[in-house]
file protein.cif (mmCIF, N, CA and C atoms and all ligand atoms)
data_final
loop_
_atom_site.label_atom_id
_atom_site.label_comp_id
_atom_site.auth_asym_id
_atom_site.auth_seq_id
_atom_site.Cartn_x
_atom_site.Cartn_y
_atom_site.Cartn_z
N MET D 1 -7.52 20.04 3.56
CA MET D 1 -8.23 19.32 4.64
C MET D 1 -8.24 20.15 5.92
N SER D 2 -9.26 19.94 6.72
CA SER D 2 -9.37 20.66 7.99
C SER D 2 -8.46 20.01 9.04
N GLY D 3 -8.32 20.71 10.14
CA GLY D 3 -7.50 20.18 11.24
C GLY D 3 -8.01 18.84 11.74
N ILE D 4 -9.32 18.72 11.84
CA ILE D 4 -9.90 17.46 12.32
C ILE D 4 -9.56 16.31 11.37
N GLU D 5 -9.69 16.59 10.07
CA GLU D 5 -9.40 15.55 9.08
C GLU D 5 -7.93 15.09 9.18
N TRP D 6 -7.05 16.07 9.34
CA TRP D 6 -5.63 15.71 9.49
C TRP D 6 -5.42 14.82 10.72
N MET D 7 -6.12 15.18 11.80
CA MET D 7 -5.95 14.36 13.01
C MET D 7 -6.42 12.93 12.78
N VAL D 8 -7.53 12.77 12.04
CA VAL D 8 -8.04 11.43 11.76
C VAL D 8 -7.03 10.65 10.93
N VAL D 9 -6.47 11.32 9.92
CA VAL D 9 -5.48 10.65 9.06
C VAL D 9 -4.26 10.24 9.88
N LEU D 10 -3.77 11.15 10.72
CA LEU D 10 -2.57 10.84 11.52
C LEU D 10 -2.86 9.71 12.51
N ALA D 11 -4.06 9.72 13.10
CA ALA D 11 -4.40 8.64 14.03
C ALA D 11 -4.45 7.31 13.28
N GLY D 12 -4.96 7.33 12.06
CA GLY D 12 -5.00 6.11 11.25
C GLY D 12 -3.61 5.59 10.95
N ILE D 13 -2.71 6.50 10.58
CA ILE D 13 -1.33 6.10 10.28
C ILE D 13 -0.67 5.52 11.53
N ALA D 14 -0.89 6.17 12.69
CA ALA D 14 -0.30 5.67 13.93
C ALA D 14 -0.85 4.27 14.25
N GLY D 15 -2.14 4.07 14.00
CA GLY D 15 -2.73 2.76 14.26
C GLY D 15 -2.12 1.68 13.40
N ILE D 16 -1.92 1.99 12.11
CA ILE D 16 -1.32 1.01 11.20
C ILE D 16 0.11 0.70 11.63
N ALA D 17 0.85 1.76 12.00
CA ALA D 17 2.23 1.54 12.44
C ALA D 17 2.27 0.64 13.67
N TRP D 18 1.35 0.86 14.57
CA TRP D 18 1.33 0.06 15.80
C TRP D 18 1.04 -1.41 15.47
N VAL D 19 0.06 -1.64 14.59
CA VAL D 19 -0.29 -3.03 14.23
C VAL D 19 0.92 -3.72 13.61
N ASN D 20 1.62 -3.03 12.73
CA ASN D 20 2.80 -3.63 12.10
C ASN D 20 3.88 -3.93 13.14
N TRP D 21 4.10 -2.99 14.03
CA TRP D 21 5.09 -3.21 15.07
C TRP D 21 4.69 -4.44 15.91
N TYR D 22 3.42 -4.48 16.29
CA TYR D 22 2.95 -5.56 17.18
C TYR D 22 3.15 -6.91 16.52
N PHE D 23 2.77 -7.02 15.25
CA PHE D 23 2.79 -8.34 14.61
C PHE D 23 4.17 -8.74 14.12
N PHE D 24 5.01 -7.76 13.76
CA PHE D 24 6.25 -8.13 13.09
C PHE D 24 7.51 -7.89 13.91
N LEU D 25 7.47 -6.98 14.86
CA LEU D 25 8.72 -6.59 15.52
C LEU D 25 8.71 -6.80 17.03
N SER D 26 7.56 -7.01 17.63
CA SER D 26 7.51 -6.93 19.09
C SER D 26 7.97 -8.21 19.78
N HIS D 27 8.31 -9.25 19.01
CA HIS D 27 8.64 -10.50 19.67
C HIS D 27 10.14 -10.74 19.81
N GLY D 28 10.91 -9.73 19.60
CA GLY D 28 12.32 -9.82 19.94
C GLY D 28 13.16 -10.47 18.86
N PRO D 29 14.47 -10.53 19.12
CA PRO D 29 15.41 -11.02 18.12
C PRO D 29 15.34 -12.54 17.96
N ALA D 30 16.01 -13.01 16.94
CA ALA D 30 16.02 -14.45 16.66
C ALA D 30 16.74 -15.21 17.77
N ALA D 31 16.24 -16.40 18.05
CA ALA D 31 16.88 -17.27 19.03
C ALA D 31 17.59 -18.39 18.29
N GLN D 32 18.80 -18.66 18.68
CA GLN D 32 19.56 -19.77 18.10
C GLN D 32 19.21 -21.02 18.90
N ALA D 33 18.80 -22.08 18.19
CA ALA D 33 18.49 -23.33 18.88
C ALA D 33 19.74 -23.88 19.54
N ALA D 34 19.58 -24.43 20.74
CA ALA D 34 20.71 -25.03 21.47
C ALA D 34 20.83 -26.49 21.05
N THR D 35 22.06 -26.93 20.81
CA THR D 35 22.27 -28.32 20.43
C THR D 35 22.52 -29.16 21.67
N GLY D 36 21.65 -30.16 21.87
CA GLY D 36 21.75 -31.01 23.06
C GLY D 36 22.29 -32.38 22.73
N ALA D 37 22.05 -33.33 23.63
CA ALA D 37 22.53 -34.69 23.46
C ALA D 37 21.97 -35.28 22.17
N GLY D 38 22.79 -36.02 21.46
CA GLY D 38 22.35 -36.64 20.22
C GLY D 38 22.33 -35.68 19.06
N GLY D 39 22.86 -34.48 19.27
CA GLY D 39 22.95 -33.53 18.17
C GLY D 39 21.63 -32.91 17.77
N VAL D 40 20.61 -33.03 18.65
CA VAL D 40 19.31 -32.44 18.32
C VAL D 40 19.32 -30.97 18.71
N GLN D 41 18.93 -30.14 17.78
CA GLN D 41 18.83 -28.69 18.05
C GLN D 41 17.45 -28.43 18.62
N GLU D 42 17.43 -27.94 19.84
CA GLU D 42 16.14 -27.79 20.49
C GLU D 42 15.89 -26.34 20.90
N VAL D 43 14.66 -25.90 20.68
CA VAL D 43 14.26 -24.58 21.16
C VAL D 43 12.81 -24.65 21.62
N THR D 44 12.55 -24.00 22.74
CA THR D 44 11.18 -23.94 23.25
C THR D 44 10.56 -22.62 22.83
N ILE D 45 9.37 -22.69 22.28
CA ILE D 45 8.67 -21.51 21.78
C ILE D 45 7.38 -21.35 22.58
N ALA D 46 7.29 -20.26 23.33
CA ALA D 46 6.06 -19.99 24.08
C ALA D 46 4.98 -19.54 23.10
N VAL D 47 3.78 -20.05 23.30
CA VAL D 47 2.64 -19.70 22.44
C VAL D 47 1.61 -19.00 23.29
N GLN D 48 1.50 -17.70 23.12
CA GLN D 48 0.53 -16.91 23.89
C GLN D 48 0.30 -15.61 23.13
N GLY D 49 -0.74 -15.59 22.34
CA GLY D 49 -1.03 -14.41 21.51
C GLY D 49 0.04 -14.17 20.45
N GLY D 50 0.88 -15.15 20.25
CA GLY D 50 2.00 -15.04 19.30
C GLY D 50 3.02 -16.09 19.65
N TYR D 51 4.15 -16.05 18.96
CA TYR D 51 5.22 -17.00 19.24
C TYR D 51 6.41 -16.24 19.82
N SER D 52 6.97 -16.78 20.87
CA SER D 52 8.12 -16.13 21.48
C SER D 52 9.16 -17.19 21.83
N PRO D 53 10.33 -17.21 21.22
CA PRO D 53 10.73 -16.29 20.14
C PRO D 53 9.96 -16.56 18.85
N ALA D 54 9.82 -15.50 18.06
CA ALA D 54 9.12 -15.63 16.78
C ALA D 54 10.10 -15.88 15.64
N GLN D 55 11.39 -15.81 15.96
CA GLN D 55 12.40 -16.13 14.94
C GLN D 55 13.38 -17.10 15.56
N VAL D 56 13.56 -18.22 14.88
CA VAL D 56 14.44 -19.27 15.38
C VAL D 56 15.46 -19.60 14.30
N ARG D 57 16.72 -19.72 14.71
CA ARG D 57 17.77 -20.07 13.75
C ARG D 57 18.27 -21.46 14.07
N VAL D 58 18.41 -22.28 13.03
CA VAL D 58 18.94 -23.64 13.20
C VAL D 58 19.93 -23.91 12.07
N LYS D 59 20.67 -25.00 12.27
CA LYS D 59 21.63 -25.41 11.24
C LYS D 59 21.00 -26.48 10.35
N ARG D 60 21.35 -26.43 9.09
CA ARG D 60 20.85 -27.40 8.13
C ARG D 60 21.43 -28.79 8.41
N GLY D 61 20.63 -29.81 8.16
CA GLY D 61 21.14 -31.18 8.16
C GLY D 61 21.12 -31.90 9.50
N ALA D 62 20.81 -31.22 10.58
CA ALA D 62 20.74 -31.86 11.89
C ALA D 62 19.30 -31.78 12.38
N PRO D 63 18.86 -32.80 13.13
CA PRO D 63 17.47 -32.79 13.59
C PRO D 63 17.16 -31.59 14.48
N VAL D 64 15.94 -31.12 14.37
CA VAL D 64 15.48 -29.95 15.12
C VAL D 64 14.23 -30.36 15.89
N ARG D 65 14.21 -29.99 17.16
CA ARG D 65 12.99 -30.20 17.96
C ARG D 65 12.47 -28.84 18.39
N LEU D 66 11.30 -28.49 17.87
CA LEU D 66 10.64 -27.26 18.28
C LEU D 66 9.61 -27.64 19.33
N VAL D 67 9.78 -27.12 20.53
CA VAL D 67 8.86 -27.46 21.62
C VAL D 67 7.91 -26.27 21.79
N PHE D 68 6.67 -26.47 21.37
CA PHE D 68 5.68 -25.39 21.48
C PHE D 68 5.01 -25.50 22.85
N ASP D 69 5.20 -24.47 23.65
CA ASP D 69 4.68 -24.42 25.02
C ASP D 69 3.47 -23.49 25.00
N ARG D 70 2.29 -24.09 24.85
CA ARG D 70 1.08 -23.26 24.67
C ARG D 70 0.51 -22.87 26.02
N GLN D 71 0.46 -21.59 26.27
CA GLN D 71 0.10 -21.06 27.59
C GLN D 71 -1.26 -20.36 27.57
N GLU D 72 -2.15 -20.79 26.68
CA GLU D 72 -3.45 -20.14 26.59
C GLU D 72 -4.46 -21.11 25.98
N THR D 73 -5.74 -20.74 26.07
CA THR D 73 -6.79 -21.57 25.49
C THR D 73 -7.38 -20.93 24.24
N SER D 74 -6.93 -19.72 23.90
CA SER D 74 -7.43 -19.04 22.70
C SER D 74 -7.41 -19.98 21.50
N GLY D 75 -8.57 -20.08 20.82
CA GLY D 75 -8.66 -21.00 19.69
C GLY D 75 -7.68 -20.69 18.57
N CYS D 76 -7.28 -19.44 18.49
CA CYS D 76 -6.41 -19.03 17.39
C CYS D 76 -5.14 -19.86 17.32
N SER D 77 -4.54 -20.14 18.46
CA SER D 77 -3.22 -20.77 18.46
C SER D 77 -3.27 -22.28 18.63
N GLU D 78 -4.46 -22.89 18.47
CA GLU D 78 -4.53 -24.32 18.80
C GLU D 78 -3.87 -25.23 17.77
N GLU D 79 -3.55 -24.68 16.63
CA GLU D 79 -2.81 -25.48 15.65
C GLU D 79 -1.56 -24.72 15.24
N VAL D 80 -0.49 -25.47 14.97
CA VAL D 80 0.67 -24.83 14.37
C VAL D 80 0.92 -25.51 13.03
N VAL D 81 1.26 -24.69 12.04
CA VAL D 81 1.44 -25.16 10.68
C VAL D 81 2.84 -24.75 10.21
N ILE D 82 3.58 -25.72 9.67
CA ILE D 82 4.88 -25.41 9.07
C ILE D 82 4.85 -26.00 7.66
N PRO D 83 4.39 -25.20 6.69
CA PRO D 83 4.14 -25.75 5.35
C PRO D 83 5.36 -26.42 4.72
N GLU D 84 6.53 -25.80 4.90
CA GLU D 84 7.74 -26.35 4.28
C GLU D 84 7.95 -27.81 4.66
N PHE D 85 7.54 -28.18 5.86
CA PHE D 85 7.78 -29.54 6.35
C PHE D 85 6.49 -30.37 6.42
N GLY D 86 5.43 -29.84 5.82
CA GLY D 86 4.18 -30.59 5.76
C GLY D 86 3.58 -30.86 7.13
N ILE D 87 3.81 -29.93 8.07
CA ILE D 87 3.36 -30.16 9.44
C ILE D 87 2.14 -29.32 9.78
N ARG D 88 1.14 -29.98 10.36
CA ARG D 88 -0.01 -29.30 10.94
C ARG D 88 -0.30 -30.06 12.23
N ARG D 89 -0.07 -29.42 13.36
CA ARG D 89 -0.11 -30.14 14.62
C ARG D 89 -1.02 -29.42 15.61
N PHE D 90 -1.83 -30.20 16.31
CA PHE D 90 -2.69 -29.64 17.37
C PHE D 90 -1.84 -29.41 18.62
N LEU D 91 -2.02 -28.26 19.24
CA LEU D 91 -1.27 -27.93 20.46
C LEU D 91 -2.25 -27.87 21.63
N PRO D 92 -2.27 -28.89 22.49
CA PRO D 92 -3.17 -28.82 23.65
C PRO D 92 -2.78 -27.64 24.54
N ALA D 93 -3.79 -26.99 25.14
CA ALA D 93 -3.54 -25.84 26.00
C ALA D 93 -2.73 -26.26 27.23
N PHE D 94 -1.83 -25.39 27.63
CA PHE D 94 -1.01 -25.58 28.84
C PHE D 94 -0.20 -26.87 28.80
N GLN D 95 0.22 -27.22 27.59
CA GLN D 95 1.11 -28.37 27.45
C GLN D 95 2.20 -28.02 26.46
N LYS D 96 3.27 -28.83 26.55
CA LYS D 96 4.36 -28.68 25.58
C LYS D 96 4.20 -29.76 24.51
N THR D 97 4.28 -29.34 23.27
CA THR D 97 4.15 -30.27 22.14
C THR D 97 5.42 -30.15 21.30
N ALA D 98 6.13 -31.26 21.15
CA ALA D 98 7.37 -31.23 20.38
C ALA D 98 7.09 -31.56 18.91
N VAL D 99 7.65 -30.77 18.04
CA VAL D 99 7.55 -31.00 16.60
C VAL D 99 8.98 -31.23 16.12
N GLU D 100 9.22 -32.38 15.49
CA GLU D 100 10.58 -32.69 15.07
C GLU D 100 10.70 -32.69 13.56
N ILE D 101 11.72 -32.01 13.10
CA ILE D 101 11.97 -31.91 11.66
C ILE D 101 13.48 -31.98 11.45
N THR D 102 13.87 -32.32 10.25
CA THR D 102 15.28 -32.22 9.88
C THR D 102 15.36 -31.39 8.61
N PRO D 103 15.80 -30.15 8.75
CA PRO D 103 15.85 -29.28 7.56
C PRO D 103 16.96 -29.72 6.62
N THR D 104 16.63 -29.89 5.36
CA THR D 104 17.62 -30.34 4.39
C THR D 104 18.03 -29.24 3.42
N ARG D 105 17.38 -28.09 3.50
CA ARG D 105 17.84 -26.98 2.66
C ARG D 105 17.80 -25.69 3.46
N ALA D 106 18.72 -24.81 3.12
CA ALA D 106 18.79 -23.53 3.82
C ALA D 106 17.67 -22.62 3.33
N GLY D 107 17.27 -21.71 4.19
CA GLY D 107 16.24 -20.76 3.80
C GLY D 107 15.49 -20.30 5.03
N THR D 108 14.51 -19.45 4.81
CA THR D 108 13.66 -18.96 5.89
C THR D 108 12.24 -19.43 5.63
N PHE D 109 11.70 -20.15 6.60
CA PHE D 109 10.40 -20.78 6.43
C PHE D 109 9.45 -20.30 7.52
N ASP D 110 8.19 -20.10 7.14
CA ASP D 110 7.20 -19.61 8.11
C ASP D 110 6.65 -20.75 8.95
N PHE D 111 6.35 -20.43 10.18
CA PHE D 111 5.42 -21.28 10.92
C PHE D 111 4.31 -20.36 11.42
N THR D 112 3.09 -20.86 11.35
CA THR D 112 1.93 -20.01 11.63
C THR D 112 0.90 -20.80 12.42
N CYS D 113 -0.12 -20.08 12.91
CA CYS D 113 -1.27 -20.77 13.47
C CYS D 113 -2.12 -21.28 12.32
N GLY D 114 -3.19 -22.01 12.64
CA GLY D 114 -4.02 -22.63 11.61
C GLY D 114 -4.63 -21.63 10.64
N MET D 115 -4.79 -20.37 11.07
CA MET D 115 -5.39 -19.36 10.20
C MET D 115 -4.35 -18.38 9.67
N SER D 116 -3.09 -18.65 9.88
CA SER D 116 -2.00 -17.77 9.42
C SER D 116 -2.04 -16.39 10.06
N MET D 117 -2.59 -16.29 11.27
CA MET D 117 -2.61 -14.99 11.93
C MET D 117 -1.38 -14.79 12.79
N LEU D 118 -1.04 -15.81 13.56
CA LEU D 118 0.20 -15.75 14.34
C LEU D 118 1.31 -16.27 13.44
N ARG D 119 2.45 -15.57 13.48
CA ARG D 119 3.51 -15.92 12.55
C ARG D 119 4.86 -15.98 13.22
N GLY D 120 5.64 -16.95 12.78
CA GLY D 120 7.02 -17.02 13.20
C GLY D 120 7.86 -17.46 12.02
N LYS D 121 9.18 -17.34 12.20
CA LYS D 121 10.08 -17.72 11.11
C LYS D 121 11.16 -18.66 11.61
N LEU D 122 11.40 -19.66 10.81
CA LEU D 122 12.48 -20.61 11.08
C LEU D 122 13.54 -20.38 10.01
N THR D 123 14.71 -19.96 10.45
CA THR D 123 15.79 -19.72 9.49
C THR D 123 16.76 -20.89 9.57
N VAL D 124 16.98 -21.53 8.44
CA VAL D 124 17.90 -22.66 8.35
C VAL D 124 19.17 -22.16 7.67
N GLU D 125 20.30 -22.33 8.38
CA GLU D 125 21.57 -21.83 7.87
C GLU D 125 22.50 -22.99 7.55
N ASP D 126 23.34 -22.77 6.56
CA ASP D 126 24.33 -23.80 6.21
C ASP D 126 25.42 -23.88 7.26
CU CU X 1 -4.94 -18.15 14.45
#
call {"tool": "encode", "arguments": {"input": "protein.cif", "output": "structure tokens"}}
result
Amino acid sequence: MSGIEWMVVLAGIAGIAWVNWYFFLSHGPAAQAATGAGGVQEVTIAVQGGYSPAQVRVKRGAPVRLVFDRQETSGCSEEVVIPEFGIRRFLPAFQKTAVEITPTRAGTFDFTCGMSMLRGKLTVED
């Protein structure tokens, strides 16, 4: 291959690496939900071009309140879906929407936007 072709290939690889970093790694480490009054584990998740934090850890068997704080009007994030818990919820723009679940089994479960483009993970620990 010529020098130009190599440059195109390398630019392509760099682009793919960046996309993977952006979607999978750029939202920081997992957040442990804080347990408040009544034993409810609560965590606020900012929704703006993604979920922040995008990884949330909770304990099994106690109620969990995920407060989605949607800070944009982009249509992409207007719904949040948590298949494991049968949840599909509309998130009004610039409002906080609480989703309450009680995880009964340990594991790592996805939460996504309505089109599965924005992704987060809920890890339930024993
Ligand atoms: Cu979307």
call {"tool": "atom_distance", "arguments": {"input": "protein.cif", "atom1": "atom CA of Arg88 of chain D", "atom2": "atom CA of Met115 of chain D"}}
result
11.3 Å
call {"tool": "residues_near_ligand", "arguments": {"input": "protein.cif", "ligand": "ligand CU 1 (chain X)", "cutoff": "10 Å", "atoms": "only C-alpha atoms and all ligand atoms", "output": "CSV table (one decimal) with N, CA and C atoms, in the coordinates of the input"}}
result
chain,number,residue,atom,x,y,z
D,49,GLY,N,-0.7,-15.6,22.3
D,49,GLY,CA,-1.0,-14.4,21.5
D,49,GLY,C,0.0,-14.2,20.4
D,50,GLY,N,0.9,-15.2,20.2
D,50,GLY,CA,2.0,-15.0,19.3
D,50,GLY,C,3.0,-16.1,19.6
D,74,SER,N,-6.9,-19.7,23.9
D,74,SER,CA,-7.4,-19.0,22.7
D,74,SER,C,-7.4,-20.0,21.5
D,75,GLY,N,-8.6,-20.1,20.8
D,75,GLY,CA,-8.7,-21.0,19.7
D,75,GLY,C,-7.7,-20.7,18.6
D,76,CYS,N,-7.3,-19.4,18.5
D,76,CYS,CA,-6.4,-19.0,17.4
D,76,CYS,C,-5.1,-19.9,17.3
D,77,SER,N,-4.5,-20.1,18.5
D,77,SER,CA,-3.2,-20.8,18.5
D,77,SER,C,-3.3,-22.3,18.6
D,78,GLU,N,-4.5,-22.9,18.5
D,78,GLU,CA,-4.5,-24.3,18.8
D,78,GLU,C,-3.9,-25.2,17.8
D,79,GLU,N,-3.6,-24.7,16.6
D,79,GLU,CA,-2.8,-25.5,15.6
D,79,GLU,C,-1.6,-24.7,15.2
D,80,VAL,N,-0.5,-25.5,15.0
D,80,VAL,CA,0.7,-24.8,14.4
D,80,VAL,C,0.9,-25.5,13.0
D,112,THR,N,3.1,-20.9,11.4
D,112,THR,CA,1.9,-20.0,11.6
D,112,THR,C,0.9,-20.8,12.4
D,113,CYS,N,-0.1,-20.1,12.9
D,113,CYS,CA,-1.3,-20.8,13.5
D,113,CYS,C,-2.1,-21.3,12.3
D,114,GLY,N,-3.2,-22.0,12.6
D,114,GLY,CA,-4.0,-22.6,11.6
D,114,GLY,C,-4.6,-21.6,10.6
D,115,MET,N,-4.8,-20.4,11.1
D,115,MET,CA,-5.4,-19.4,10.2
D,115,MET,C,-4.4,-18.4,9.7
D,116,SER,N,-3.1,-18.6,9.9
D,116,SER,CA,-2.0,-17.8,9.4
D,116,SER,C,-2.0,-16.4,10.1
D,117,MET,N,-2.6,-16.3,11.3
D,117,MET,CA,-2.6,-15.0,11.9
D,117,MET,C,-1.4,-14.8,12.8
D,118,LEU,N,-1.0,-15.8,13.6
D,118,LEU,CA,0.2,-15.8,14.3
D,118,LEU,C,1.3,-16.3,13.4
D,119,ARG,N,2.4,-15.6,13.5
D,119,ARG,CA,3.5,-15.9,12.6
D,119,ARG,C,4.9,-16.0,13.2
call {"tool": "residues_around", "arguments": {"input": "protein.cif", "residues": "Glu125 of chain D", "least_positions_apart": "4", "cutoff": "12 Å", "atoms": "only C-alpha atoms", "output": "list in words"}}
result
Gln32, Ala33, Val56, Arg57, Val58, Lys59, Arg60, Gly61, Ala62, Pro103, Thr104, Arg105, Ala106, Gly107, Thr108 and Phe109 of chain D
call {"tool": "residues_around", "arguments": {"input": "protein.cif", "residues": "Phe68 of chain D", "least_positions_apart": "3", "cutoff": "5 Å", "atoms": "only N, CA and C atoms", "output": "JSON, numbers by chain"}}
result
{"D": [45, 96, 97, 98]}
call {"tool": "atom_distance", "arguments": {"input": "protein.cif", "atom1": "atom CA of Gly120 of chain D", "atom2": "atom CA of Ala14 of chain D"}}
result
23.9 Å
call {"tool": "atom_distance", "arguments": {"input": "protein.cif", "atom1": "atom C of Asp69 of chain D", "atom2": "atom CA of Lys121 of chain D"}}
result
16.4 Å
